[in-house]
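Enquirer: Just so it is clear, I am handing over work.pdb, which has PDB, C-alpha atoms and all ligand atoms.
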ATOM      1  CA  MET W 379     -50.807 -17.340  48.304
ATOM      2  CA  LEU W 380     -51.349 -15.355  45.123
ATOM      3  CA  PRO W 381     -54.951 -14.494  44.142
ATOM      4  CA  TYR W 382     -54.264 -15.808  40.600
ATOM      5  CA  THR W 383     -52.782 -19.086  39.429
ATOM      6  CA  THR W 384     -52.301 -18.710  35.680
ATOM      7  CA  THR W 385     -50.227 -16.281  33.614
ATOM      8  CA  ALA W 386     -53.377 -15.053  31.857
ATOM      9  CA  GLU W 387     -55.077 -14.240  35.187
ATOM     10  CA  ALA W 388     -51.962 -12.473  36.508
ATOM     11  CA  GLU W 389     -51.592 -10.455  33.289
ATOM     12  CA  ALA W 390     -55.243  -9.467  33.424
ATOM     13  CA  PHE W 391     -54.739  -8.379  37.053
ATOM     14  CA  LEU W 392     -51.626  -6.295  36.249
ATOM     15  CA  GLY W 393     -52.932  -5.036  32.894
ATOM     16  CA  ARG W 394     -49.640  -5.894  31.153
ATOM     17  CA  PRO W 395     -47.530  -8.933  30.174
ATOM     18  CA  LEU W 396     -45.451 -10.556  32.932
ATOM     19  CA  THR W 397     -41.672 -10.266  32.823
ATOM     20  CA  ALA W 398     -39.651 -13.499  32.756
ATOM     21  CA  LEU W 399     -38.899 -13.186  36.483
ATOM     22  CA  GLU W 400     -42.550 -12.527  37.316
ATOM     23  CA  THR W 401     -43.577 -15.634  35.346
ATOM     24  CA  LEU W 402     -40.999 -17.649  37.277
ATOM     25  CA  TRP W 403     -42.250 -16.239  40.588
ATOM     26  CA  LEU W 404     -45.871 -16.930  39.659
ATOM     27  CA  HIS W 405     -45.121 -20.553  38.809
ATOM     28  CA  TYR W 406     -43.099 -21.048  41.963
ATOM     29  CA  SER W 407     -45.280 -19.268  44.502
ATOM     30  CA  ALA W 408     -48.880 -19.367  43.232
ATOM     31  CA  ALA W 409     -49.793 -22.565  45.070
ATOM     32  CA  LYS W 410     -47.623 -21.961  48.144
ATOM     33  CA  SER W 411     -48.843 -20.241  51.301
ATOM     34  CA  ASP W 412     -47.191 -16.988  52.426
ATOM     35  CA  TYR W 413     -46.208 -18.765  55.646
ATOM     36  CA  PHE W 414     -44.377 -21.468  53.709
ATOM     37  CA  LEU W 415     -42.614 -18.838  51.572
ATOM     38  CA  TYR W 416     -41.559 -16.970  54.721
ATOM     39  CA  CYS W 417     -40.182 -20.199  56.215
ATOM     40  CA  HIS W 418     -37.783 -20.471  53.262
ATOM     41  CA  ASN W 419     -35.583 -18.259  55.439
ATOM     42  CA  ILE W 420     -34.850 -21.279  57.650
ATOM     43  CA  LEU W 421     -33.345 -23.122  54.675
ATOM     44  CA  PHE W 422     -31.469 -20.030  53.437
ATOM     45  CA  LEU W 423     -29.975 -19.379  56.890
ATOM     46  CA  PHE W 424     -28.994 -23.027  57.249
ATOM     47  CA  VAL W 425     -27.200 -22.930  53.886
ATOM     48  CA  VAL W 426     -25.485 -19.588  54.650
ATOM     49  CA  PHE W 427     -24.278 -20.716  58.115
ATOM     50  CA  SER W 428     -23.088 -24.074  56.725
ATOM     51  CA  VAL W 429     -21.553 -23.172  53.363
ATOM     52  CA  VAL W 430     -20.106 -19.622  53.460
ATOM     53  CA  PRO W 431     -17.690 -20.226  56.410
ATOM     54  CA  VAL W 432     -16.333 -23.333  54.614
ATOM     55  CA  PHE W 433     -14.716 -20.966  52.094
ATOM     56  CA  TYR W 434     -12.617 -19.442  54.885
ATOM     57  CA  LEU W 435     -11.916 -22.859  56.404
ATOM     58  CA  LEU W 436     -10.511 -23.991  53.041
ATOM     59  CA  LEU W 437      -8.282 -20.920  52.951
ATOM     60  CA  GLU W 438      -7.000 -21.868  56.385
ATOM     61  CA  LEU W 439      -6.411 -25.538  55.547
ATOM     62  CA  VAL W 440      -5.485 -25.624  51.865
ATOM     63  CA  PHE W 441      -4.499 -22.217  50.500
ATOM     64  CA  SER W 442      -1.644 -21.241  52.788
ATOM     65  CA  LYS W 443      -0.638 -18.382  50.456
ATOM     66  CA  THR W 444      -3.697 -16.481  51.689
ATOM     67  CA  HIS W 445      -2.447 -16.634  55.273
ATOM     68  CA  ARG W 446      -0.625 -13.345  54.751
ATOM     69  CA  TYR W 447      -4.080 -11.739  54.713
ATOM     70  CA  LYS W 448      -4.966 -13.186  58.130
ATOM     71  CA  ILE W 449      -5.590 -10.432  60.641
ATOM     72  CA  GLN W 450      -4.211 -12.472  63.563
ATOM     73  CA  PRO W 451      -1.853 -14.862  61.757
ATOM     74  CA  LYS W 452      -0.452 -16.412  64.925
ATOM     75  CA  VAL W 453      -3.857 -17.794  65.916
ATOM     76  CA  LYS W 454      -4.650 -21.142  64.295
ATOM     77  CA  LEU W 455      -7.789 -23.137  65.030
ATOM     78  CA  SER W 456      -7.845 -26.849  64.295
ATOM     79  CA  VAL W 457     -10.509 -28.439  62.090
ATOM     80  CA  SER W 458     -12.145 -29.999  65.143
ATOM     81  CA  GLN W 459     -12.272 -26.577  66.886
ATOM     82  CA  SER W 460     -13.882 -25.027  63.795
ATOM     83  CA  PHE W 461     -16.454 -27.809  63.542
ATOM     84  CA  GLY W 462     -17.025 -27.581  67.309
ATOM     85  CA  CYS W 463     -18.031 -23.953  66.728
ATOM     86  CA  TYR W 464     -20.304 -25.007  63.825
ATOM     87  CA  ARG W 465     -21.902 -27.701  66.005
ATOM     88  CA  ASP W 466     -22.675 -25.108  68.727
ATOM     89  CA  VAL W 467     -24.094 -22.706  66.122
ATOM     90  CA  MET W 468     -26.293 -25.456  64.683
ATOM     91  CA  ARG W 469     -27.570 -26.376  68.139
ATOM     92  CA  MET W 470     -28.610 -22.733  68.602
ATOM     93  CA  PHE W 471     -30.034 -22.723  65.069
ATOM     94  CA  PHE W 472     -32.367 -25.665  65.703
ATOM     95  CA  LEU W 473     -33.306 -24.598  69.243
ATOM     96  CA  ILE W 474     -33.735 -20.825  68.765
ATOM     97  CA  VAL W 475     -33.332 -19.461  65.207
ATOM     98  CA  GLY W 476     -35.534 -22.017  63.420
ATOM     99  CA  PRO W 477     -38.389 -21.977  65.974
ATOM    100  CA  LEU W 478     -38.230 -18.153  66.059
ATOM    101  CA  GLN W 479     -38.768 -18.110  62.302
ATOM    102  CA  LEU W 480     -41.656 -20.572  62.623
ATOM    103  CA  ILE W 481     -43.548 -18.463  65.183
ATOM    104  CA  SER W 482     -42.703 -14.946  63.942
ATOM    105  CA  TYR W 483     -44.819 -15.091  60.772
ATOM    106  CA  PRO W 484     -47.711 -12.997  62.251
ATOM    107  CA  SER W 485     -45.300 -10.067  62.702
ATOM    108  CA  ILE W 486     -44.269 -10.349  59.040
ATOM    109  CA  LYS W 487     -47.908 -10.357  57.986
ATOM    110  CA  MET W 488     -48.628  -7.403  60.272
ATOM    111  CA  ILE W 489     -45.867  -5.197  58.833
ATOM    112  CA  GLY W 490     -46.977  -6.000  55.287
ATOM    113  CA  ILE W 491     -44.270  -8.102  53.637
ATOM    114  CA  ARG W 492     -46.026  -9.069  50.386
ATOM    115  CA  THR W 493     -45.641 -12.021  48.051
ATOM    116  CA  SER W 494     -47.860 -10.623  45.290
ATOM    117  CA  LEU W 495     -47.053  -9.319  41.817
ATOM    118  CA  PRO W 496     -45.633  -7.058  40.482
ATOM    119  CA  LEU W 497     -42.110  -7.871  41.587
ATOM    120  CA  PRO W 498     -40.081  -4.877  42.802
ATOM    121  CA  SER W 499     -37.488  -3.401  40.434
ATOM    122  CA  ILE W 500     -33.767  -4.041  41.043
ATOM    123  CA  GLY W 501     -33.412  -0.363  42.014
ATOM    124  CA  LYS W 502     -36.147  -0.657  44.627
ATOM    125  CA  ILE W 503     -34.670  -3.876  46.056
ATOM    126  CA  VAL W 504     -31.195  -2.324  46.326
ATOM    127  CA  SER W 505     -32.450   0.911  47.894
ATOM    128  CA  GLN W 506     -34.541  -0.988  50.455
ATOM    129  CA  LEU W 507     -31.571  -3.215  51.302
ATOM    130  CA  VAL W 508     -29.396  -0.113  51.858
ATOM    131  CA  VAL W 509     -32.041   1.291  54.215
ATOM    132  CA  TYR W 510     -32.243  -2.045  56.079
ATOM    133  CA  PHE W 511     -28.464  -2.130  56.523
ATOM    134  CA  LEU W 512     -28.425   1.471  57.816
ATOM    135  CA  ILE W 513     -31.247   0.873  60.304
ATOM    136  CA  GLU W 514     -29.730  -2.420  61.453
ATOM    137  CA  ASP W 515     -26.307  -0.852  61.875
ATOM    138  CA  TYR W 516     -27.611   2.031  63.990
ATOM    139  CA  SER W 517     -29.852  -0.044  66.277
ATOM    140  CA  ASN W 518     -27.324  -2.881  66.549
ATOM    141  CA  TYR W 519     -24.682  -0.327  67.582
ATOM    142  CA  TRP W 520     -26.667   0.733  70.658
ATOM    143  CA  ILE W 521     -27.762  -2.777  71.642
ATOM    144  CA  HIS W 522     -24.190  -4.053  71.255
ATOM    145  CA  ARG W 523     -22.895  -1.098  73.312
ATOM    146  CA  LEU W 524     -25.441  -1.899  76.049
ATOM    147  CA  LEU W 525     -24.350  -5.552  76.001
ATOM    148  CA  HIS W 526     -20.866  -4.331  76.942
ATOM    149  CA  CYS W 527     -22.091  -3.022  80.320
ATOM    150  CA  LYS W 528     -20.871  -5.233  83.180
ATOM    151  CA  TRP W 529     -24.104  -7.228  83.575
ATOM    152  CA  GLY W 530     -24.818  -7.568  79.864
ATOM    153  CA  TYR W 531     -21.309  -8.715  79.105
ATOM    154  CA  GLU W 532     -20.977 -11.231  81.936
ATOM    155  CA  LYS W 533     -24.458 -12.715  81.541
ATOM    156  CA  ILE W 534     -24.916 -12.637  77.765
ATOM    157  CA  HIS W 535     -22.356 -11.116  75.419
ATOM    158  CA  ARG W 536     -19.304 -12.907  76.881
ATOM    159  CA  VAL W 537     -20.237 -15.997  74.856
ATOM    160  CA  HIS W 538     -19.821 -14.206  71.510
ATOM    161  CA  HIS W 539     -16.431 -12.917  72.682
ATOM    162  CA  GLU W 540     -15.060 -16.397  73.428
ATOM    163  CA  TYR W 541     -13.388 -16.108  70.012
ATOM    164  CA  THR W 542     -10.776 -13.368  70.437
ATOM    165  CA  ALA W 543      -9.637 -14.180  66.888
ATOM    166  CA  PRO W 544     -12.987 -14.758  65.161
ATOM    167  CA  ILE W 545     -13.632 -17.248  62.346
ATOM    168  CA  GLY W 546     -16.502 -17.365  59.834
ATOM    169  CA  PHE W 547     -18.337 -20.093  61.757
ATOM    170  CA  ALA W 548     -18.309 -17.885  64.886
ATOM    171  CA  ALA W 549     -20.355 -15.043  63.351
ATOM    172  CA  PRO W 550     -23.680 -16.366  64.731
ATOM    173  CA  TYR W 551     -22.021 -17.923  67.803
ATOM    174  CA  ALA W 552     -23.718 -16.210  70.763
ATOM    175  CA  HIS W 553     -25.825 -16.688  73.887
ATOM    176  CA  TRP W 554     -29.443 -17.592  73.080
ATOM    177  CA  ALA W 555     -30.617 -14.287  74.582
ATOM    178  CA  GLU W 556     -28.289 -12.356  72.253
ATOM    179  CA  VAL W 557     -29.601 -14.306  69.260
ATOM    180  CA  LEU W 558     -33.118 -13.211  70.222
ATOM    181  CA  ILE W 559     -32.196  -9.601  71.067
ATOM    182  CA  LEU W 560     -30.253  -9.057  67.833
ATOM    183  CA  GLY W 561     -33.259 -10.256  65.869
ATOM    184  CA  ILE W 562     -34.813  -6.849  66.669
ATOM    185  CA  PRO W 563     -32.382  -4.689  64.597
ATOM    186  CA  SER W 564     -32.765  -7.123  61.682
ATOM    187  CA  PHE W 565     -36.543  -6.821  61.877
ATOM    188  CA  LEU W 566     -36.701  -3.003  62.262
ATOM    189  CA  GLY W 567     -35.743  -2.147  58.660
ATOM    190  CA  PRO W 568     -38.389  -4.344  57.000
ATOM    191  CA  ALA W 569     -40.914  -3.145  59.632
ATOM    192  CA  MET W 570     -40.249   0.517  58.796
ATOM    193  CA  VAL W 571     -39.929   0.051  55.028
ATOM    194  CA  PRO W 572     -41.816  -3.152  54.180
ATOM    195  CA  GLY W 573     -41.080  -4.712  50.831
ATOM    196  CA  HIS W 574     -41.493  -7.912  48.858
ATOM    197  CA  MET W 575     -40.740 -11.365  50.267
ATOM    198  CA  ILE W 576     -37.821 -11.689  47.812
ATOM    199  CA  THR W 577     -36.261  -8.513  49.249
ATOM    200  CA  PHE W 578     -36.812  -9.915  52.739
ATOM    201  CA  TRP W 579     -35.091 -13.219  51.819
ATOM    202  CA  LEU W 580     -32.168 -11.296  50.320
ATOM    203  CA  TRP W 581     -31.909  -9.105  53.419
ATOM    204  CA  ILE W 582     -31.787 -12.041  55.861
ATOM    205  CA  ALA W 583     -29.182 -13.893  53.757
ATOM    206  CA  LEU W 584     -26.986 -10.860  52.931
ATOM    207  CA  ARG W 585     -26.907  -9.669  56.539
ATOM    208  CA  GLN W 586     -25.570 -13.059  57.663
ATOM    209  CA  ILE W 587     -23.088 -13.303  54.773
ATOM    210  CA  GLU W 588     -21.834  -9.837  55.767
ATOM    211  CA  ALA W 589     -21.499 -10.989  59.409
ATOM    212  CA  ILE W 590     -19.531 -14.080  58.333
ATOM    213  CA  GLU W 591     -17.159 -11.964  56.213
ATOM    214  CA  THR W 592     -16.748  -9.560  59.137
ATOM    215  CA  HIS W 593     -15.820 -12.470  61.438
ATOM    216  CA  SER W 594     -13.721 -14.331  58.861
ATOM    217  CA  GLY W 595     -10.346 -13.324  60.287
ATOM    218  CA  TYR W 596      -9.156 -12.387  56.767
ATOM    219  CA  ASP W 597      -8.728  -8.887  55.383
ATOM    220  CA  PHE W 598      -8.340  -9.133  51.615
ATOM    221  CA  PRO W 599      -7.338  -5.917  49.818
ATOM    222  CA  TRP W 600      -9.469  -6.901  46.807
ATOM    223  CA  THR W 601     -12.755  -7.617  48.586
ATOM    224  CA  PRO W 602     -15.613  -5.676  46.869
ATOM    225  CA  THR W 603     -16.893  -4.414  50.240
ATOM    226  CA  LYS W 604     -13.787  -2.151  50.398
ATOM    227  CA  TYR W 605     -15.591   0.075  47.889
ATOM    228  CA  ILE W 606     -18.638   0.598  50.136
ATOM    229  CA  PRO W 607     -18.343   3.988  51.868
ATOM    230  CA  PHE W 608     -17.893   3.775  55.675
ATOM    231  CA  TYR W 609     -17.908  -0.042  55.565
ATOM    232  CA  GLY W 610     -16.259  -1.595  58.625
ATOM    233  CA  GLY W 611     -15.218  -5.040  57.451
ATOM    234  CA  ALA W 612     -13.226  -7.855  59.000
ATOM    235  CA  GLU W 613     -10.249  -5.913  60.314
ATOM    236  CA  TYR W 614     -12.551  -3.385  61.994
ATOM    237  CA  HIS W 615     -14.615  -5.957  63.884
ATOM    238  CA  ASP W 616     -11.614  -8.195  64.540
ATOM    239  CA  TYR W 617     -10.162  -5.426  66.697
ATOM    240  CA  HIS W 618     -13.351  -5.501  68.810
ATOM    241  CA  HIS W 619     -12.883  -9.244  69.435
ATOM    242  CA  TYR W 620      -9.117  -8.916  69.909
ATOM    243  CA  VAL W 621      -9.530  -6.401  72.746
ATOM    244  CA  GLY W 622     -12.287  -8.573  74.241
ATOM    245  CA  GLY W 623     -14.353  -7.870  77.350
ATOM    246  CA  GLN W 624     -12.839  -4.460  78.068
ATOM    247  CA  SER W 625     -13.544  -3.386  74.502
ATOM    248  CA  GLN W 626     -15.309  -0.042  74.369
ATOM    249  CA  SER W 627     -14.472   0.330  70.694
ATOM    250  CA  ASN W 628     -15.881  -0.667  67.294
ATOM    251  CA  PHE W 629     -19.432  -1.605  68.327
ATOM    252  CA  ALA W 630     -21.004  -1.117  64.898
ATOM    253  CA  SER W 631     -21.963  -4.227  62.937
ATOM    254  CA  VAL W 632     -21.655  -2.936  59.372
ATOM    255  CA  PHE W 633     -20.422   0.659  58.982
ATOM    256  CA  THR W 634     -17.946   2.842  60.847
ATOM    257  CA  TYR W 635     -19.821   6.117  61.125
ATOM    258  CA  CYS W 636     -21.623   5.382  64.442
ATOM    259  CA  ASP W 637     -18.351   4.632  66.236
ATOM    260  CA  TYR W 638     -16.867   7.791  64.707
ATOM    261  CA  ILE W 639     -19.823  10.028  65.689
ATOM    262  CA  TYR W 640     -20.062   8.687  69.245
ATOM    263  CA  GLY W 641     -16.297   8.516  69.761
ATOM    264  CA  THR W 642     -16.048   4.769  70.287
ATOM    265  CA  ASP W 643     -13.339   4.191  67.707
ATOM    266  CA  LYS W 644     -10.562   6.120  69.460
ATOM    267  CA  GLY W 645      -8.773   3.021  70.770
ATOM    268  CA  TYR W 646      -8.893   1.429  67.321
ATOM    269  CA  ARG W 647      -7.585   4.539  65.570
ATOM    270  CA  TYR W 648      -4.808   4.874  68.135
ATOM    271  CA  GLN W 649      -3.864   1.224  67.583
ATOM    272  CA  LYS W 650      -3.833   1.730  63.807
ATOM    273  CA  ARG W 651      -1.610   4.785  64.106
ATOM    274  CA  LEU W 652       0.714   2.877  66.427
ATOM    275  CA  LEU W 653       0.882  -0.082  64.025
ATOM    276  CA  LYS W 654       1.631   2.207  61.114
ATOM    277  CA  GLN W 655       4.456   3.891  62.997
ATOM    278  CA  LEU W 656       5.850   0.540  64.146
ATOM    279  CA  LYS W 657       5.650  -0.887  60.628
ATOM    280  CA  GLU W 658       7.446   2.096  59.183
ATOM    281  CA  GLY W 659      10.039   1.997  61.963
ATOM    282  CA  VAL W 660      10.653  -1.743  61.783
ATOM    283  CA  LYS W 661      10.535  -1.654  57.963
ATOM    284  CA  SER W 662      13.448   0.756  57.848
ATOM    285  CA  THR W 663      15.365  -1.383  60.392
ATOM    286  CA  SER W 664      14.346  -4.484  58.477
ATOM    287  CA  SER W 665      15.576  -3.162  55.150
ATOM    288  CA  GLN W 666      18.927  -2.551  56.799
ATOM    289  CA  ASN W 667      19.084  -5.924  58.574
ATOM    290  CA  GLY W 668      17.069  -8.137  56.175
ATOM    291  CA  GLY W 669      14.558  -9.074  58.909
ATOM    292  CA  SER W 670      10.731  -9.274  58.923
ATOM    293  CA  TYR W 671       8.361  -6.566  60.048
ATOM    294  CA  VAL W 672       5.109  -6.067  61.905
ATOM    295  CA  THR W 673       2.110  -7.113  59.816
ATOM    296  CA  SER W 674      -0.843  -7.068  62.193
ATOM    297  CA  THR W 675      -2.192  -6.494  65.655
ATOM    298  CA  ALA W 676      -1.109 -10.021  66.527
ATOM    299  CA  ASP W 677       2.515  -9.093  66.013
ATOM    300  CA  LEU W 678       2.240  -6.524  68.762
ATOM    301  CA  LYS W 679       1.011  -9.157  71.173
ATOM    302  CA  SER W 680       3.529 -11.049  73.251
ATOM    303  CA  ASP W 681       3.679 -14.746  72.335
TER
HETATM  304 ZN    ZN U   1     -18.928  -7.114  71.642
HETATM  305 ZN    ZN U   2     -18.497 -10.334  66.663
END
What does this structure look like when you write it as structure tokens?
Expert:
Amino acid sequence: MLPYTTTAEAEAFLGRPLTALETLWLHYSAAKSDYFLYCHNILFLFVVFSVVPVFYLLLELVFSKTHRYKIQPKVKLSVSQSFGCYRDVMRMFFLIVGPLQLISYPSIKMIGIRTSLPLPSIGKIVSQLVVYFLIEDYSNYWIHRLLHCKWGYEKIHRVHHEYTAPIGFAAPYAHWAEVLILGIPSFLGPAMVPGHMITFWLWIALRQIEAIETHSGYDFPWTPTKYIPFYGGAEYHDYHHYVGGQSQSNFASVFTYCDYIYGTDKGYRYQKRLLKQLKEGVKSTSSQNGGSYVTSTADLKSD
């Protein structure tokens, strides 16, 4: 809760006029407890998990022209299978994710996430978010790699790999223990570089939107994330799911540099080279015969 309730009090505290956004924040948050503001994450996560994957479901059901961007075009999930996945995710959301948010507030208070004025600048928000993504990516890489040991995979991580051709709804689909464990990398960034509650909200929402895009099963050439250096994206993580339990490749959640540094992208790179050669080979045959050519990893798979 803010120590001031009126614009005049806040301006006297800051020694300057409030910006429009600060006035908005003051009016919204002044009478609300920090705990209640923190719990907004439950609503944001619910909306992200429920709404963002629907975009990809609509592509699957209505906009068939986009199917040429599907990474595994031969795999088609029915509406009931997609909603079955959403139902399982929601069960985990209400049993684990929501309660975890409700009880984890003391840790947020301890690390110093603030709700007070002044609001951080756009530059500060963006730079903190970049740091959070880098820290999450690095720590998630090692936890994910550990989960691929025999015990970790069979007891916990196997659940997330049930979808060998992932869909948006399946991004948070995992064993309850994995949901808890992977909360640690998400928490580390804000713990090391604590910021404003608004930055924290943005971080929680953007991380999940990124995970949904990564699991969408679509690789659009025009997606803005293609311009982010070392960004993995959907095709990168799809390979990890496609290979499945034996996968010792593409562990990173956001970027590609960890897999490159630690040599866990060799299988993926080999596959890409092979696909390229096959495409070029079949393309030249195809142009002679008028046939179709290899478009994705799925085309290399036997039917
Ligand atoms: Zn995995
Ligand atoms: Zn995954």
Enquirer: Determine the residue membership of the PyMOL selection byres (((chain W and resi 577) around 12) and not hetatm) for the file above and supply it as a count of residues only.
Expert: 35
Enquirer: For this file, the PyMOL selection byres (((chain W and resi 591-602) around 9) and not hetatm) selects which residues, as a VMD selection string?
Expert: chain W and resid 430 to 431 434 444 to 451 543 to 549 586 to 590 603 to 606 610 to 616 631 to 632
Enquirer: Grab the CA of Val475 (chain W) to CA of Asp637 (chain W) distance for me, in Å with one decimal place.
Expert: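 These two atoms are separated by 28.4 Å.
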Enquirer: List the residues matched by the PyMOL selection byres (((chain W and resi 460-473) around 12) and not hetatm) in the displayed structure as a PyMOL selection string, ordered by chain and then by residue number.
Expert: chain W and resi 419-421+423-432+434-436+438-439+454-459+474-480+537-538+540-541+544-558+594
Enquirer: Identify, counting only C-alpha atoms and all ligand atoms, the protein, DNA and RNA residues located within 10 Å of ligand ZN 1 (chain U), and give them as a ChimeraX atom specification.
Expert: /W:519,521-526,531,535-539,615,618-619,621-631
Enquirer: Could you turn the residues from that selection into a file that holds C-alpha atoms, as a PDB file, in the frame of the given file?
Expert:
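The result, written out as selection_24.pdb:
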ATOM      1  CA  TYR W 519     -24.682  -0.327  67.582  1.00  0.00           C
ATOM      2  CA  ILE W 521     -27.762  -2.777  71.642  1.00  0.00           C
ATOM      3  CA  HIS W 522     -24.190  -4.053  71.255  1.00  0.00           C
ATOM      4  CA  ARG W 523     -22.895  -1.098  73.312  1.00  0.00           C
ATOM      5  CA  LEU W 524     -25.441  -1.899  76.049  1.00  0.00           C
ATOM      6  CA  LEU W 525     -24.350  -5.552  76.001  1.00  0.00           C
ATOM      7  CA  HIS W 526     -20.866  -4.331  76.942  1.00  0.00           C
ATOM      8  CA  TYR W 531     -21.309  -8.715  79.105  1.00  0.00           C
ATOM      9  CA  HIS W 535     -22.356 -11.116  75.419  1.00  0.00           C
ATOM     10  CA  ARG W 536     -19.304 -12.907  76.881  1.00  0.00           C
ATOM     11  CA  VAL W 537     -20.237 -15.997  74.856  1.00  0.00           C
ATOM     12  CA  HIS W 538     -19.821 -14.206  71.510  1.00  0.00           C
ATOM     13  CA  HIS W 539     -16.431 -12.917  72.682  1.00  0.00           C
ATOM     14  CA  HIS W 615     -14.615  -5.957  63.884  1.00  0.00           C
ATOM     15  CA  HIS W 618     -13.351  -5.501  68.810  1.00  0.00           C
ATOM     16  CA  HIS W 619     -12.883  -9.244  69.435  1.00  0.00           C
ATOM     17  CA  VAL W 621      -9.530  -6.401  72.746  1.00  0.00           C
ATOM     18  CA  GLY W 622     -12.287  -8.573  74.241  1.00  0.00           C
ATOM     19  CA  GLY W 623     -14.353  -7.870  77.350  1.00  0.00           C
ATOM     20  CA  GLN W 624     -12.839  -4.460  78.068  1.00  0.00           C
ATOM     21  CA  SER W 625     -13.544  -3.386  74.502  1.00  0.00           C
ATOM     22  CA  GLN W 626     -15.309  -0.042  74.369  1.00  0.00           C
ATOM     23  CA  SER W 627     -14.472   0.330  70.694  1.00  0.00           C
ATOM     24  CA  ASN W 628     -15.881  -0.667  67.294  1.00  0.00           C
ATOM     25  CA  PHE W 629     -19.432  -1.605  68.327  1.00  0.00           C
ATOM     26  CA  ALA W 630     -21.004  -1.117  64.898  1.00  0.00           C
ATOM     27  CA  SER W 631     -21.963  -4.227  62.937  1.00  0.00           C
TER      28      SER W 631
END
Enquirer: CA of Leu415 (chain W) and CA of Phe511 (chain W), how far apart in Å?
Expert: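 Straight-line distance from CA of Phe511 (chain W) to CA of Leu415 (chain W) works out to 22.4 Å.
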Enquirer: Rounded to one decimal place, report the CA of Thr384 (chain W)-CA of Phe414 (chain W) distance in Å.
Expert: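 CA of Thr384 (chain W) sits 19.9 Å away from CA of Phe414 (chain W).
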Enquirer: With distances taken over only C-alpha atoms and all ligand atoms, which of W:Leu652, W:Ile513, W:Ala569, W:Leu560 is nearest to ligand ZN 2 (chain U)?
Expert: W:Leu560
Enquirer: Which residue, W:Thr383, W:Tyr617, W:Leu392, W:Met570, has the smallest gap to Lys644 (chain W) when you use only C-alpha atoms?
Expert: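 The shortest atom-to-atom distance to Lys644 (chain W) comes from W:Tyr617.
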Enquirer: Counting all atoms listed in the file, which residue out of W:Tyr620, W:Ser407, W:Ala390, W:Phe433 sits closest to ligand ZN 2 (chain U)?
Expert: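 Nearest to ligand ZN 2 (chain U): W:Tyr620.
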Enquirer: Which is closest to ligand ZN 2 (chain U) among W:Gln649, W:Asn518, W:His405, W:Tyr609, if we use only C-alpha atoms and all ligand atoms?
Expert: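 Nearest to ligand ZN 2 (chain U): W:Asn518.
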Enquirer: Counting only C-alpha atoms, which of W:Tyr382, W:Tyr516, W:Phe391, W:Phe422 gets nearest to Ala409 (chain W)?
Expert: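 Among the listed residues, the smallest separation from Ala409 (chain W) belongs to W:Tyr382.
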Enquirer: Using all atoms listed in the file, can you tell me which of W:Thr385, W:Thr542, W:Trp529, W:Phe633 comes closest to ligand ZN 2 (chain U)?
Expert: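 Nearest candidate to ligand ZN 2 (chain U) out of W:Thr385, W:Thr542, W:Trp529, W:Phe633: W:Thr542.
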Enquirer: Set up a box along x, y and z of the file covering all listed atoms of region 534-541 of chain W, add 3 Å on every one of the six sides, and write the centre and edge lengths in Å to one decimal, as JSON.
Expert:
{"center_x": -19.2, "center_y": -13.8, "center_z": 73.9, "size_x": 17.5, "size_y": 11.3, "size_z": 13.8}
Enquirer: Please output region 511-521 of chain W, rebuilt to include N, CA and C atoms, as a PDB file, keeping the file's coordinate frame.
Expert:
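Okay, this is what ended up in part21.pdb:
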ATOM      1  N   PHE W 511     -29.809  -2.060  55.952  1.00  0.00           N
ATOM      2  CA  PHE W 511     -28.464  -2.130  56.523  1.00  0.00           C
ATOM      3  C   PHE W 511     -28.198  -0.921  57.431  1.00  0.00           C
ATOM      4  N   LEU W 512     -28.662   0.269  57.009  1.00  0.00           N
ATOM      5  CA  LEU W 512     -28.425   1.471  57.816  1.00  0.00           C
ATOM      6  C   LEU W 512     -29.183   1.401  59.138  1.00  0.00           C
ATOM      7  N   ILE W 513     -30.438   0.965  59.088  1.00  0.00           N
ATOM      8  CA  ILE W 513     -31.247   0.873  60.304  1.00  0.00           C
ATOM      9  C   ILE W 513     -30.677  -0.208  61.233  1.00  0.00           C
ATOM     10  N   GLU W 514     -30.294  -1.337  60.648  1.00  0.00           N
ATOM     11  CA  GLU W 514     -29.730  -2.420  61.453  1.00  0.00           C
ATOM     12  C   GLU W 514     -28.450  -1.971  62.126  1.00  0.00           C
ATOM     13  N   ASP W 515     -27.605  -1.287  61.356  1.00  0.00           N
ATOM     14  CA  ASP W 515     -26.307  -0.852  61.875  1.00  0.00           C
ATOM     15  C   ASP W 515     -26.494   0.085  63.068  1.00  0.00           C
ATOM     16  N   TYR W 516     -27.420   1.043  62.921  1.00  0.00           N
ATOM     17  CA  TYR W 516     -27.611   2.031  63.990  1.00  0.00           C
ATOM     18  C   TYR W 516     -28.182   1.385  65.251  1.00  0.00           C
ATOM     19  N   SER W 517     -29.231   0.568  65.089  1.00  0.00           N
ATOM     20  CA  SER W 517     -29.852  -0.044  66.277  1.00  0.00           C
ATOM     21  C   SER W 517     -28.952  -1.115  66.881  1.00  0.00           C
ATOM     22  N   ASN W 518     -28.254  -1.864  66.043  1.00  0.00           N
ATOM     23  CA  ASN W 518     -27.324  -2.881  66.549  1.00  0.00           C
ATOM     24  C   ASN W 518     -26.200  -2.222  67.345  1.00  0.00           C
ATOM     25  N   TYR W 519     -25.767  -1.041  66.884  1.00  0.00           N
ATOM     26  CA  TYR W 519     -24.682  -0.327  67.582  1.00  0.00           C
ATOM     27  C   TYR W 519     -25.055  -0.108  69.051  1.00  0.00           C
ATOM     28  N   TRP W 520     -26.273   0.403  69.287  1.00  0.00           N
ATOM     29  CA  TRP W 520     -26.667   0.733  70.658  1.00  0.00           C
ATOM     30  C   TRP W 520     -26.926  -0.513  71.494  1.00  0.00           C
ATOM     31  N   ILE W 521     -27.522  -1.536  70.890  1.00  0.00           N
ATOM     32  CA  ILE W 521     -27.762  -2.777  71.642  1.00  0.00           C
ATOM     33  C   ILE W 521     -26.418  -3.424  71.993  1.00  0.00           C
TER      34      ILE W 521
END
